[in-house]
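Have a look at run-v7.cif; it's mmCIF, C-alpha atoms:
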```cif
data_work
loop_
_atom_site.label_atom_id
_atom_site.label_comp_id
_atom_site.auth_asym_id
_atom_site.auth_seq_id
_atom_site.Cartn_x
_atom_site.Cartn_y
_atom_site.Cartn_z
CA MET A 11 -27.02 -8.66 -29.43
CA GLU A 12 -27.58 -5.78 -31.74
CA GLU A 13 -24.42 -4.07 -30.61
CA ARG A 14 -22.44 -7.28 -31.00
CA LYS A 15 -23.35 -7.39 -34.68
CA LYS A 16 -22.15 -3.82 -35.07
CA ILE A 17 -18.88 -4.70 -33.35
CA GLN A 18 -18.43 -7.72 -35.60
CA ALA A 19 -19.01 -5.56 -38.68
CA GLU A 20 -16.59 -2.97 -37.33
CA LEU A 21 -13.88 -5.60 -36.78
CA ALA A 22 -14.41 -6.98 -40.28
CA GLN A 23 -14.03 -3.48 -41.66
CA LEU A 24 -10.79 -3.11 -39.72
CA GLN A 25 -9.66 -6.49 -41.13
CA SER A 26 -9.19 -7.86 -37.68
CA GLU A 27 -10.13 -11.49 -38.22
CA GLN A 28 -8.61 -12.87 -35.04
CA LEU A 29 -10.46 -10.44 -32.80
CA ARG A 30 -13.66 -10.97 -34.76
CA ARG A 31 -13.44 -14.74 -34.20
CA TRP A 32 -12.55 -14.45 -30.58
CA GLN A 33 -15.20 -11.98 -29.54
CA ALA A 34 -17.35 -13.36 -26.72
CA GLN A 35 -15.15 -16.48 -26.64
CA ALA A 36 -12.85 -15.37 -23.84
CA ALA A 37 -13.67 -17.12 -20.57
CA PRO A 38 -14.33 -14.78 -17.66
CA ARG A 39 -12.14 -15.09 -14.62
CA ALA A 40 -13.54 -17.34 -11.93
CA LEU A 41 -14.20 -15.63 -8.63
CA PRO A 42 -13.68 -17.24 -5.24
CA GLU A 43 -16.86 -18.66 -3.77
CA ASN A 44 -19.08 -16.04 -2.06
CA TYR A 45 -16.52 -13.36 -2.98
CA LEU A 46 -19.05 -10.74 -4.00
CA GLU A 47 -21.44 -11.44 -1.12
CA ASP A 48 -18.61 -11.14 1.39
CA LEU A 49 -17.35 -7.98 -0.27
CA ALA A 50 -20.80 -6.39 -0.14
CA GLY A 51 -21.07 -7.33 3.51
CA ARG A 52 -17.71 -5.73 4.30
CA VAL A 53 -18.67 -2.54 2.51
CA ILE A 54 -22.00 -2.33 4.35
CA ALA A 55 -20.50 -3.20 7.73
CA ALA A 56 -17.81 -0.55 7.61
CA PRO A 57 -18.96 2.39 5.51
CA ALA A 58 -16.98 4.84 7.63
CA ALA A 59 -13.83 2.78 7.48
CA LYS A 60 -12.87 4.29 4.21
CA ARG A 61 -9.36 3.91 3.03
CA LEU A 62 -7.68 7.05 4.18
CA ARG A 63 -5.56 7.43 1.21
CA LEU A 64 -4.22 10.85 0.51
CA PRO A 65 -3.55 11.48 -3.09
CA GLN A 66 0.08 10.63 -3.60
CA ARG A 67 0.99 14.14 -4.65
CA THR A 68 -0.63 15.69 -1.58
CA PHE A 69 1.10 13.24 0.74
CA TRP A 70 4.55 14.00 -0.63
CA ALA A 71 3.89 17.74 -0.69
CA LEU A 72 2.94 17.63 3.00
CA ALA A 73 5.94 15.50 3.86
CA ALA A 74 8.24 17.88 2.00
CA SER A 75 6.71 20.90 3.78
CA VAL A 76 7.19 19.33 7.21
CA ALA A 77 10.77 18.36 6.40
CA PHE A 78 11.50 21.87 5.17
CA LEU A 79 10.03 23.47 8.30
CA LEU A 80 12.03 21.19 10.57
CA ALA A 81 15.25 21.87 8.66
CA ALA A 82 14.61 25.62 8.63
CA SER A 83 13.86 25.64 12.36
CA TRP A 84 17.03 23.72 13.10
CA LEU A 85 19.09 26.15 11.04
CA VAL A 86 17.53 29.18 12.70
CA PHE A 87 17.82 27.95 16.25
CA ARG A 88 21.02 25.93 16.22
CA ASP A 89 23.06 28.91 17.32
CA SER A 90 20.92 29.42 20.39
CA ASN A 91 21.49 25.80 21.27
CA THR A 92 25.22 26.12 21.08
CA PRO A 93 26.64 24.50 24.17
CA VAL A 94 27.99 26.85 26.82
CA GLN A 95 31.69 27.41 26.52
CA PRO A 96 33.71 25.92 29.30
CA GLN A 97 34.81 28.31 32.07
CA VAL A 98 38.18 29.88 31.47
CA ASP A 99 40.29 32.31 33.40
CA LEU A 100 39.07 35.61 32.07
CA THR A 101 42.32 37.33 32.92
CA GLN A 102 44.00 35.16 30.33
CA LEU A 103 41.64 36.20 27.55
CA SER A 104 42.46 39.02 25.23
CA ASP A 105 40.20 42.05 25.09
CA GLU A 106 39.22 41.20 21.55
CA ALA A 107 38.17 37.68 22.54
CA ILE A 108 36.03 38.99 25.35
CA LEU A 109 34.44 41.58 23.09
CA LEU A 110 33.69 38.99 20.46
CA TYR A 111 32.05 36.72 23.02
CA VAL A 112 29.97 39.52 24.48
CA ASN A 113 28.76 40.65 21.07
CA ASN A 114 27.74 37.11 20.14
CA ASN A 115 25.82 36.59 23.37
CA ILE A 116 24.53 40.06 24.04
CA ASP A 117 20.99 38.77 24.72
CA GLU A 118 22.17 36.80 27.69
CA PHE A 119 23.72 39.73 29.35
CA ASP A 120 21.95 42.25 31.40
CA LEU A 121 22.93 45.51 29.77
CA ALA A 122 22.88 47.31 33.06
CA LEU A 123 25.24 44.70 34.46
CA LEU A 124 27.58 45.30 31.61
CA THR A 125 27.66 49.04 32.05
CA GLU A 126 27.81 48.68 35.82
CA GLY A 127 30.81 46.45 35.52
CA SER A 128 32.54 48.94 33.32
CA THR A 129 32.19 51.74 35.86
CA THR A 130 32.76 49.95 39.16
CA THR A 131 35.21 47.12 38.66
CA GLY A 132 36.93 48.26 35.51
CA THR A 133 37.27 44.63 34.45
CA VAL A 134 35.12 44.92 31.35
CA VAL A 135 37.01 46.71 28.67
CA LEU A 136 34.87 48.39 26.10
CA PRO A 137 36.08 48.67 22.51
CA SER A 138 37.99 51.75 21.67
CA ASN A 139 35.25 53.04 19.39
CA TRP A 140 32.58 52.67 22.06
CA ASP A 141 30.66 55.88 22.49
CA SER A 142 30.68 56.27 26.25
CA THR A 143 28.37 59.27 26.06
CA ILE A 144 25.39 57.01 25.20
CA SER A 145 23.60 56.14 28.43
CA SER A 146 22.60 52.57 29.25
CA GLU A 147 19.00 53.74 29.36
CA ALA A 148 19.24 54.97 25.80
CA ILE A 149 20.81 51.71 24.71
CA GLU A 150 18.11 49.69 26.41
CA ASN A 151 15.35 51.81 24.88
CA TYR A 152 16.90 51.29 21.48
CA LEU A 153 17.03 47.52 21.93
CA GLU A 154 13.48 47.32 23.18
CA ALA A 155 12.01 49.46 20.43
CA GLU A 156 9.78 47.20 18.41
CA GLU A 157 10.74 48.58 15.05
CA ASN A 158 14.32 47.51 15.59
CA TRP A 159 13.41 43.88 15.91
CA PRO A 160 13.20 41.72 12.76
CA ALA A 161 9.53 41.16 11.91
CA ASP A 162 9.64 37.38 12.15
CA MET A 163 11.03 37.27 15.68
CA GLU A 164 7.62 38.03 17.12
CA ASP A 165 6.31 34.67 16.04
CA GLN A 166 9.20 32.50 17.07
CA VAL A 167 8.33 29.06 18.24
CA PHE A 168 10.84 27.62 20.61
CA PHE A 169 11.32 23.91 20.34
CA MET B 30 -35.91 -4.08 -14.85
CA LYS B 31 -33.44 -4.76 -12.09
CA ASP B 32 -32.24 -1.16 -12.14
CA ASN B 33 -35.66 0.12 -11.08
CA GLU B 34 -35.87 -2.44 -8.32
CA ILE B 35 -32.40 -1.50 -7.06
CA LEU B 36 -33.12 2.22 -7.11
CA THR B 37 -36.45 1.76 -5.36
CA LEU B 38 -34.85 -0.25 -2.59
CA VAL B 39 -31.92 2.09 -2.00
CA ALA B 40 -34.23 5.07 -1.87
CA ASP B 41 -35.76 3.58 1.28
CA PRO B 42 -33.28 3.83 4.18
CA ALA B 43 -34.66 0.64 5.69
CA GLN B 44 -34.05 -1.23 2.44
CA ARG B 45 -30.83 0.43 1.37
CA GLU B 46 -28.58 -2.45 2.31
CA ARG B 47 -30.81 -4.94 0.53
CA GLY B 48 -30.78 -2.75 -2.56
CA PHE B 49 -27.00 -2.48 -2.45
CA ARG B 50 -26.62 -6.25 -2.16
CA LEU B 51 -28.87 -6.64 -5.19
CA LEU B 52 -26.72 -4.14 -7.08
CA VAL B 53 -23.57 -6.11 -6.25
CA GLN B 54 -25.29 -9.32 -7.30
CA CYS B 55 -26.32 -7.83 -10.67
CA TYR B 56 -23.19 -5.86 -11.53
CA GLY B 57 -20.43 -7.11 -9.26
CA ASP B 58 -19.07 -9.77 -11.57
CA ARG B 59 -19.03 -7.54 -14.65
CA LEU B 60 -17.38 -4.77 -12.65
CA TYR B 61 -14.76 -7.18 -11.40
CA GLN B 62 -14.02 -8.54 -14.89
CA HIS B 63 -13.67 -5.03 -16.33
CA ILE B 64 -11.41 -3.88 -13.48
CA ARG B 65 -9.38 -7.06 -13.66
CA ARG B 66 -8.67 -6.49 -17.35
CA LEU B 67 -7.23 -3.09 -16.46
CA VAL B 68 -5.18 -3.78 -13.34
CA SER B 69 -4.08 -7.34 -14.04
CA THR B 70 -3.84 -8.91 -10.55
CA HIS B 71 -6.62 -10.12 -8.29
CA GLU B 72 -5.23 -8.20 -5.30
CA ASP B 73 -5.31 -4.90 -7.18
CA ALA B 74 -8.72 -5.69 -8.68
CA ASN B 75 -10.03 -6.45 -5.20
CA ASP B 76 -8.77 -3.10 -3.90
CA VAL B 77 -10.20 -1.17 -6.83
CA LEU B 78 -13.53 -2.98 -6.69
CA GLN B 79 -13.81 -2.38 -2.97
CA ASN B 80 -13.14 1.33 -3.43
CA THR B 81 -15.71 1.39 -6.21
CA LEU B 82 -18.35 -0.27 -4.07
CA VAL B 83 -17.61 1.96 -1.09
CA LYS B 84 -18.22 5.03 -3.24
CA THR B 85 -21.30 3.42 -4.73
CA PHE B 86 -22.77 2.59 -1.34
CA ARG B 87 -21.99 6.05 -0.05
CA HIS B 88 -23.50 7.95 -2.96
CA ILE B 89 -26.22 5.67 -4.34
CA GLY B 90 -28.79 7.75 -2.49
CA ASN B 91 -27.76 10.74 -4.58
CA PHE B 92 -27.97 8.95 -7.89
CA GLN B 93 -30.28 11.06 -10.01
CA ALA B 94 -30.93 8.47 -12.75
CA GLN B 95 -29.96 11.03 -15.37
CA SER B 96 -27.80 8.26 -16.78
CA GLN B 97 -28.16 4.52 -16.58
CA LEU B 98 -27.03 2.79 -13.44
CA TYR B 99 -24.55 0.80 -15.50
CA THR B 100 -22.97 3.98 -16.87
CA TRP B 101 -22.62 5.44 -13.40
CA LEU B 102 -21.08 2.27 -11.94
CA PHE B 103 -18.64 1.74 -14.76
CA ARG B 104 -17.57 5.37 -14.70
CA ILE B 105 -16.66 5.03 -11.00
CA ALA B 106 -14.93 1.69 -11.59
CA THR B 107 -12.97 2.93 -14.61
CA ASN B 108 -11.84 6.09 -12.81
CA GLU B 109 -10.78 4.09 -9.77
CA ALA B 110 -8.83 1.65 -11.94
CA LEU B 111 -7.11 4.42 -13.93
CA SER B 112 -6.21 6.25 -10.69
CA HIS B 113 -4.79 3.04 -9.33
CA LEU B 114 -2.68 2.53 -12.45
CA ASN B 115 -1.41 6.13 -12.28
CA GLN B 116 -0.34 5.63 -8.69
CA GLN B 117 1.39 2.38 -9.55
CA LYS B 118 3.20 4.06 -12.41
CA ARG B 119 4.51 6.79 -10.09
CA ARG B 120 5.57 4.28 -7.46
CA ARG B 121 7.39 1.90 -9.71
CA ALA B 122 9.87 2.49 -12.52
CA PHE B 123 8.78 -0.68 -14.20
CA VAL B 124 5.12 -1.57 -14.08
CA VAL B 125 4.21 -5.16 -14.56
CA LEU B 126 1.08 -4.76 -16.61
CA ASN B 127 0.29 -8.39 -16.84
CA ASP B 128 1.38 -11.58 -15.18
CA GLU B 129 2.87 -13.14 -18.25
CA THR B 130 4.07 -16.15 -16.31
CA GLU B 131 0.52 -17.27 -15.59
CA THR B 132 -0.19 -20.62 -17.14
CA ILE B 133 -3.39 -22.43 -17.69
CA ARG B 134 -3.79 -25.05 -15.01
CA GLY B 135 -5.52 -27.70 -17.00
CA SER B 136 -7.23 -30.54 -15.27
CA ALA B 137 -9.31 -33.45 -16.32
CA ALA B 138 -12.38 -31.52 -15.20
CA HIS B 139 -11.82 -28.69 -17.70
CA SER B 140 -13.49 -29.10 -21.06
CA THR B 141 -11.71 -28.25 -24.28
CA GLN B 142 -13.98 -25.28 -24.66
CA GLU B 143 -13.12 -23.98 -21.19
CA LEU B 144 -9.42 -24.38 -21.84
CA GLU B 145 -9.75 -22.62 -25.16
CA GLY B 146 -11.69 -19.81 -23.47
CA GLU B 147 -8.92 -19.47 -20.88
CA TYR B 148 -6.31 -19.40 -23.60
CA ILE B 149 -8.16 -16.72 -25.54
CA ARG B 150 -8.58 -14.60 -22.42
CA GLN B 151 -4.90 -14.89 -21.58
CA LYS B 152 -3.75 -13.94 -25.07
CA LEU B 153 -6.10 -10.97 -25.19
CA GLU B 154 -4.96 -9.77 -21.78
CA GLN B 155 -1.34 -10.07 -22.81
CA ALA B 156 -2.10 -7.99 -25.88
CA MET B 157 -4.06 -5.44 -23.86
CA ALA B 158 -1.14 -5.07 -21.46
CA LYS B 159 0.67 -3.21 -24.25
CA LEU B 160 -2.02 -0.52 -24.42
CA PRO B 161 -2.00 2.73 -22.43
CA PRO B 162 -4.48 2.67 -19.53
CA LYS B 163 -7.31 4.70 -21.01
CA GLN B 164 -7.15 2.95 -24.37
CA LYS B 165 -7.23 -0.35 -22.53
CA ALA B 166 -10.38 0.74 -20.73
CA ILE B 167 -12.00 1.81 -24.00
CA PHE B 168 -11.17 -1.49 -25.65
CA SER B 169 -12.46 -3.44 -22.64
CA LEU B 170 -15.81 -1.67 -22.64
CA ARG B 171 -16.32 -1.94 -26.40
CA TYR B 172 -14.99 -5.42 -27.11
CA PHE B 173 -15.89 -7.27 -23.91
CA GLU B 174 -18.81 -5.29 -22.48
CA GLU B 175 -20.21 -4.55 -25.99
CA LYS B 176 -21.07 -0.98 -25.14
CA SER B 177 -22.03 1.49 -27.82
CA TYR B 178 -19.97 4.60 -28.43
CA ALA B 179 -22.84 6.69 -27.04
CA GLU B 180 -22.78 4.78 -23.75
CA MET B 181 -19.00 4.97 -23.58
CA SER B 182 -19.12 8.69 -24.25
CA ALA B 183 -21.21 9.05 -21.08
CA ILE B 184 -18.71 6.98 -19.12
CA PHE B 185 -15.57 8.72 -20.31
CA THR B 186 -17.11 12.16 -20.99
CA THR B 187 -15.20 12.04 -24.27
CA SER B 188 -16.58 12.49 -27.77
CA GLU B 189 -17.71 9.43 -29.69
CA GLY B 190 -15.28 10.28 -32.47
CA ALA B 191 -12.32 10.26 -30.11
CA LEU B 192 -13.47 6.98 -28.58
CA LYS B 193 -13.86 5.38 -31.99
CA ALA B 194 -10.37 6.49 -33.05
CA SER B 195 -8.88 5.17 -29.84
CA TYR B 196 -10.69 1.85 -30.17
CA HIS B 197 -9.59 1.42 -33.78
CA HIS B 198 -5.98 2.05 -32.80
CA ALA B 199 -6.31 -0.49 -30.01
CA VAL B 200 -7.70 -3.06 -32.40
CA LYS B 201 -4.79 -2.55 -34.80
CA LYS B 202 -2.22 -2.93 -32.03
CA ILE B 203 -3.84 -6.03 -30.58
CA GLU B 204 -4.27 -7.65 -33.94
CA ALA B 205 -0.59 -7.01 -34.72
CA PHE B 206 0.38 -8.56 -31.38
CA LEU B 207 -1.75 -11.65 -31.96
CA ARG B 208 -0.12 -12.23 -35.34
CA THR B 209 3.38 -12.43 -33.82
#
```

Could you show the structure in this file as structure tokens?
Amino acid sequence: MEERKKIQAELAQLQSEQLRRWQAQAAPRALPENYLEDLAGRVIAAPAAKRLRLPQRTFWALAASVAFLLAASWLVFRDSNTPVQPQVDLTQLSDEAILLYVNNNIDEFDLALLTEGSTTTGTVVLPSNWDSTISSEAIENYLEAEENWPADMEDQVFF
Amino acid sequence: MKDNEILTLVADPAQRERGFRLLVQCYGDRLYQHIRRLVSTHEDANDVLQNTLVKTFRHIGNFQAQSQLYTWLFRIATNEALSHLNQQKRRRAFVVLNDETETIRGSAAHSTQELEGEYIRQKLEQAMAKLPPKQKAIFSLRYFEEKSYAEMSAIFTTSEGALKASYHHAVKKIEAFLRT
């Protein structure tokens, strides 16, 4: 009651006659019957059933991170998922076309098979600037050397 | 004092639920009215009040009585309501702050005084809908709950001077609205 008098005096000082007249006149909103009792019961009955509501910002940050990771993974691995080219008559292909294909798919070839083919059947034509003095063993050692691999390839996750 | 009775009951694990029910009985309606003035629809008020009571029930055992129980409850309720309004604001480009189409459903059973009380509440809520969320909360606690600036300072953790300035601005805006 004491505070109400102070509020009334404050409103008079602010020349707010309408608010001063209406204070404590506004009717409270009616609640449904037993609303509070039922609500208390629900809270007690399910204390662990809290509303799992991530803060909005956190939710969208997580969603954006997942979307980014998926998009990045798709971009990185789409080349390895390129469908296999249909079989063609190799004798009809130019040397440059064969070389281009080999270079793009070098991982799928056994290096020894490549070099073996070049010495026994003569059907694989190496580029003119190929240094034939480098042994296949040396080439393989070079490819396997860890420092020659990009750092992130060690942790690749294959989908 | 009901507060002492509530705190004594909730301190005993066997009586905690009974103490919580007593708390809801004593403060539930006032909490609802305060929240309802801030969020404007019953559905939103129900959500906010439920979240408030869940937090209350969960943490009442840790209540240190360094402040009054009322202060603690209304701080939780106000923060929950303001968070709710912030989320609504981010979700929607246009926030309906008040259901301005609501009309008073008069009936023969309603007295003139009741109808007038309804009218006054509606007009004040329409005026309050123009206020920013925190200012609305300050006005609600001062004008409707008749809380002192010292008590409100404990709720908002804001200086009394800042609260007084905010309340005075709110009064000016509402008064201007009511004159139109």

Between CA of Ala40 (chain A) and CA of His197 (chain B), distance in Å (one decimal):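 Computing the Euclidean distance for CA of Ala40 (chain A) and CA of His197 (chain B) yields 29.1 Å.
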
At most 10 Å to chain B: residues in chain A, only C-alpha atoms, as number ranges by chain: A: 11-18, 20-21, 24-30, 32-41, 45-47, 49-61, 65-67

Please write the residues from the selection above to a file, keeping C-alpha atoms, as a PDB file, in the coordinates of the input.
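So the final result, stored in result26.pdb, reads:
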```pdb
ATOM      1  CA  MET A  11     -27.020  -8.660 -29.430  1.00  0.00           C
ATOM      2  CA  GLU A  12     -27.580  -5.780 -31.740  1.00  0.00           C
ATOM      3  CA  GLU A  13     -24.420  -4.070 -30.610  1.00  0.00           C
ATOM      4  CA  ARG A  14     -22.440  -7.280 -31.000  1.00  0.00           C
ATOM      5  CA  LYS A  15     -23.350  -7.390 -34.680  1.00  0.00           C
ATOM      6  CA  LYS A  16     -22.150  -3.820 -35.070  1.00  0.00           C
ATOM      7  CA  ILE A  17     -18.880  -4.700 -33.350  1.00  0.00           C
ATOM      8  CA  GLN A  18     -18.430  -7.720 -35.600  1.00  0.00           C
ATOM      9  CA  GLU A  20     -16.590  -2.970 -37.330  1.00  0.00           C
ATOM     10  CA  LEU A  21     -13.880  -5.600 -36.780  1.00  0.00           C
ATOM     11  CA  LEU A  24     -10.790  -3.110 -39.720  1.00  0.00           C
ATOM     12  CA  GLN A  25      -9.660  -6.490 -41.130  1.00  0.00           C
ATOM     13  CA  SER A  26      -9.190  -7.860 -37.680  1.00  0.00           C
ATOM     14  CA  GLU A  27     -10.130 -11.490 -38.220  1.00  0.00           C
ATOM     15  CA  GLN A  28      -8.610 -12.870 -35.040  1.00  0.00           C
ATOM     16  CA  LEU A  29     -10.460 -10.440 -32.800  1.00  0.00           C
ATOM     17  CA  ARG A  30     -13.660 -10.970 -34.760  1.00  0.00           C
ATOM     18  CA  TRP A  32     -12.550 -14.450 -30.580  1.00  0.00           C
ATOM     19  CA  GLN A  33     -15.200 -11.980 -29.540  1.00  0.00           C
ATOM     20  CA  ALA A  34     -17.350 -13.360 -26.720  1.00  0.00           C
ATOM     21  CA  GLN A  35     -15.150 -16.480 -26.640  1.00  0.00           C
ATOM     22  CA  ALA A  36     -12.850 -15.370 -23.840  1.00  0.00           C
ATOM     23  CA  ALA A  37     -13.670 -17.120 -20.570  1.00  0.00           C
ATOM     24  CA  PRO A  38     -14.330 -14.780 -17.660  1.00  0.00           C
ATOM     25  CA  ARG A  39     -12.140 -15.090 -14.620  1.00  0.00           C
ATOM     26  CA  ALA A  40     -13.540 -17.340 -11.930  1.00  0.00           C
ATOM     27  CA  LEU A  41     -14.200 -15.630  -8.630  1.00  0.00           C
ATOM     28  CA  TYR A  45     -16.520 -13.360  -2.980  1.00  0.00           C
ATOM     29  CA  LEU A  46     -19.050 -10.740  -4.000  1.00  0.00           C
ATOM     30  CA  GLU A  47     -21.440 -11.440  -1.120  1.00  0.00           C
ATOM     31  CA  LEU A  49     -17.350  -7.980  -0.270  1.00  0.00           C
ATOM     32  CA  ALA A  50     -20.800  -6.390  -0.140  1.00  0.00           C
ATOM     33  CA  GLY A  51     -21.070  -7.330   3.510  1.00  0.00           C
ATOM     34  CA  ARG A  52     -17.710  -5.730   4.300  1.00  0.00           C
ATOM     35  CA  VAL A  53     -18.670  -2.540   2.510  1.00  0.00           C
ATOM     36  CA  ILE A  54     -22.000  -2.330   4.350  1.00  0.00           C
ATOM     37  CA  ALA A  55     -20.500  -3.200   7.730  1.00  0.00           C
ATOM     38  CA  ALA A  56     -17.810  -0.550   7.610  1.00  0.00           C
ATOM     39  CA  PRO A  57     -18.960   2.390   5.510  1.00  0.00           C
ATOM     40  CA  ALA A  58     -16.980   4.840   7.630  1.00  0.00           C
ATOM     41  CA  ALA A  59     -13.830   2.780   7.480  1.00  0.00           C
ATOM     42  CA  LYS A  60     -12.870   4.290   4.210  1.00  0.00           C
ATOM     43  CA  ARG A  61      -9.360   3.910   3.030  1.00  0.00           C
ATOM     44  CA  PRO A  65      -3.550  11.480  -3.090  1.00  0.00           C
ATOM     45  CA  GLN A  66       0.080  10.630  -3.600  1.00  0.00           C
ATOM     46  CA  ARG A  67       0.990  14.140  -4.650  1.00  0.00           C
TER      47      ARG A  67
END
```

Closest of B:Met181, B:Leu36, B:Ile89, B:Leu67 to Ala158 (chain B) - atom-to-atom distances counting all atoms listed in the file: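 Result for the nearest residue to Ala158 (chain B): B:Leu67.
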
Closest of B:Ile64, B:Ala191, B:Thr186, B:Ile105 to Ser169 (chain B) - atom-to-atom distances counting only C-alpha atoms: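 Among B:Ile64, B:Ala191, B:Thr186, B:Ile105, it is B:Ile64 that comes nearest to Ser169 (chain B).
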
Neighbour residues at most 12 Å from (-14.8, 8.2, -28.3) (all atoms listed in the file) as a ChimeraX atom specification: /B:163-164,166-168,170-171,176-198

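Taking CA of Leu72 (chain A) as the reference point, CA of Thr81 (chain B) is found at 26.4 Å.
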
Computed interatomic separation between CA of Pro42 (chain B) and CA of Val77 (chain B) (Å):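 So the answer is 26.1 Å.
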
Residue contacts of Thr37 (chain B) (8 Å, only C-alpha atoms) excluding same-chain residues fewer than 4 positions away, as a ChimeraX atom specification: /B:33,41,48

Atoms are missing here; could region 12-28 of chain A be completed with N, CA and C atoms and written as a compact mmCIF listing (two decimals), keeping the file's coordinate frame?
```
# COMPACT_ATOMS: atom_id res chain seq x y z
N GLU A 12 -27.63 -6.72 -30.63
CA GLU A 12 -27.58 -5.78 -31.74
C GLU A 12 -26.20 -5.12 -31.81
N GLU A 13 -25.72 -4.74 -30.65
CA GLU A 13 -24.42 -4.07 -30.61
C GLU A 13 -23.32 -5.04 -31.00
N ARG A 14 -23.47 -6.31 -30.65
CA ARG A 14 -22.44 -7.28 -31.00
C ARG A 14 -22.30 -7.39 -32.53
N LYS A 15 -23.41 -7.33 -33.20
CA LYS A 15 -23.35 -7.39 -34.68
C LYS A 15 -22.60 -6.18 -35.23
N LYS A 16 -22.85 -5.04 -34.61
CA LYS A 16 -22.15 -3.82 -35.07
C LYS A 16 -20.65 -3.96 -34.82
N ILE A 17 -20.30 -4.52 -33.67
CA ILE A 17 -18.88 -4.70 -33.35
C ILE A 17 -18.23 -5.68 -34.31
N GLN A 18 -18.94 -6.74 -34.64
CA GLN A 18 -18.43 -7.72 -35.60
C GLN A 18 -18.19 -7.06 -36.96
N ALA A 19 -19.14 -6.24 -37.40
CA ALA A 19 -19.01 -5.56 -38.68
C ALA A 19 -17.83 -4.59 -38.65
N GLU A 20 -17.69 -3.93 -37.51
CA GLU A 20 -16.59 -2.97 -37.33
C GLU A 20 -15.24 -3.69 -37.42
N LEU A 21 -15.14 -4.85 -36.77
CA LEU A 21 -13.88 -5.60 -36.78
C LEU A 21 -13.58 -6.14 -38.18
N ALA A 22 -14.61 -6.51 -38.89
CA ALA A 22 -14.41 -6.98 -40.28
C ALA A 22 -13.89 -5.83 -41.15
N GLN A 23 -14.46 -4.65 -40.91
CA GLN A 23 -14.03 -3.48 -41.66
C GLN A 23 -12.57 -3.13 -41.37
N LEU A 24 -12.17 -3.38 -40.14
CA LEU A 24 -10.79 -3.11 -39.72
C LEU A 24 -9.86 -4.27 -40.08
N GLN A 25 -10.43 -5.30 -40.71
CA GLN A 25 -9.66 -6.49 -41.13
C GLN A 25 -8.99 -7.16 -39.94
N SER A 26 -9.72 -7.24 -38.88
CA SER A 26 -9.19 -7.86 -37.68
C SER A 26 -9.90 -9.19 -37.47
N GLU A 27 -9.44 -10.20 -38.21
CA GLU A 27 -10.13 -11.49 -38.22
C GLU A 27 -10.02 -12.23 -36.89
N GLN A 28 -8.83 -12.15 -36.30
CA GLN A 28 -8.61 -12.87 -35.04
C GLN A 28 -9.54 -12.34 -33.95
```
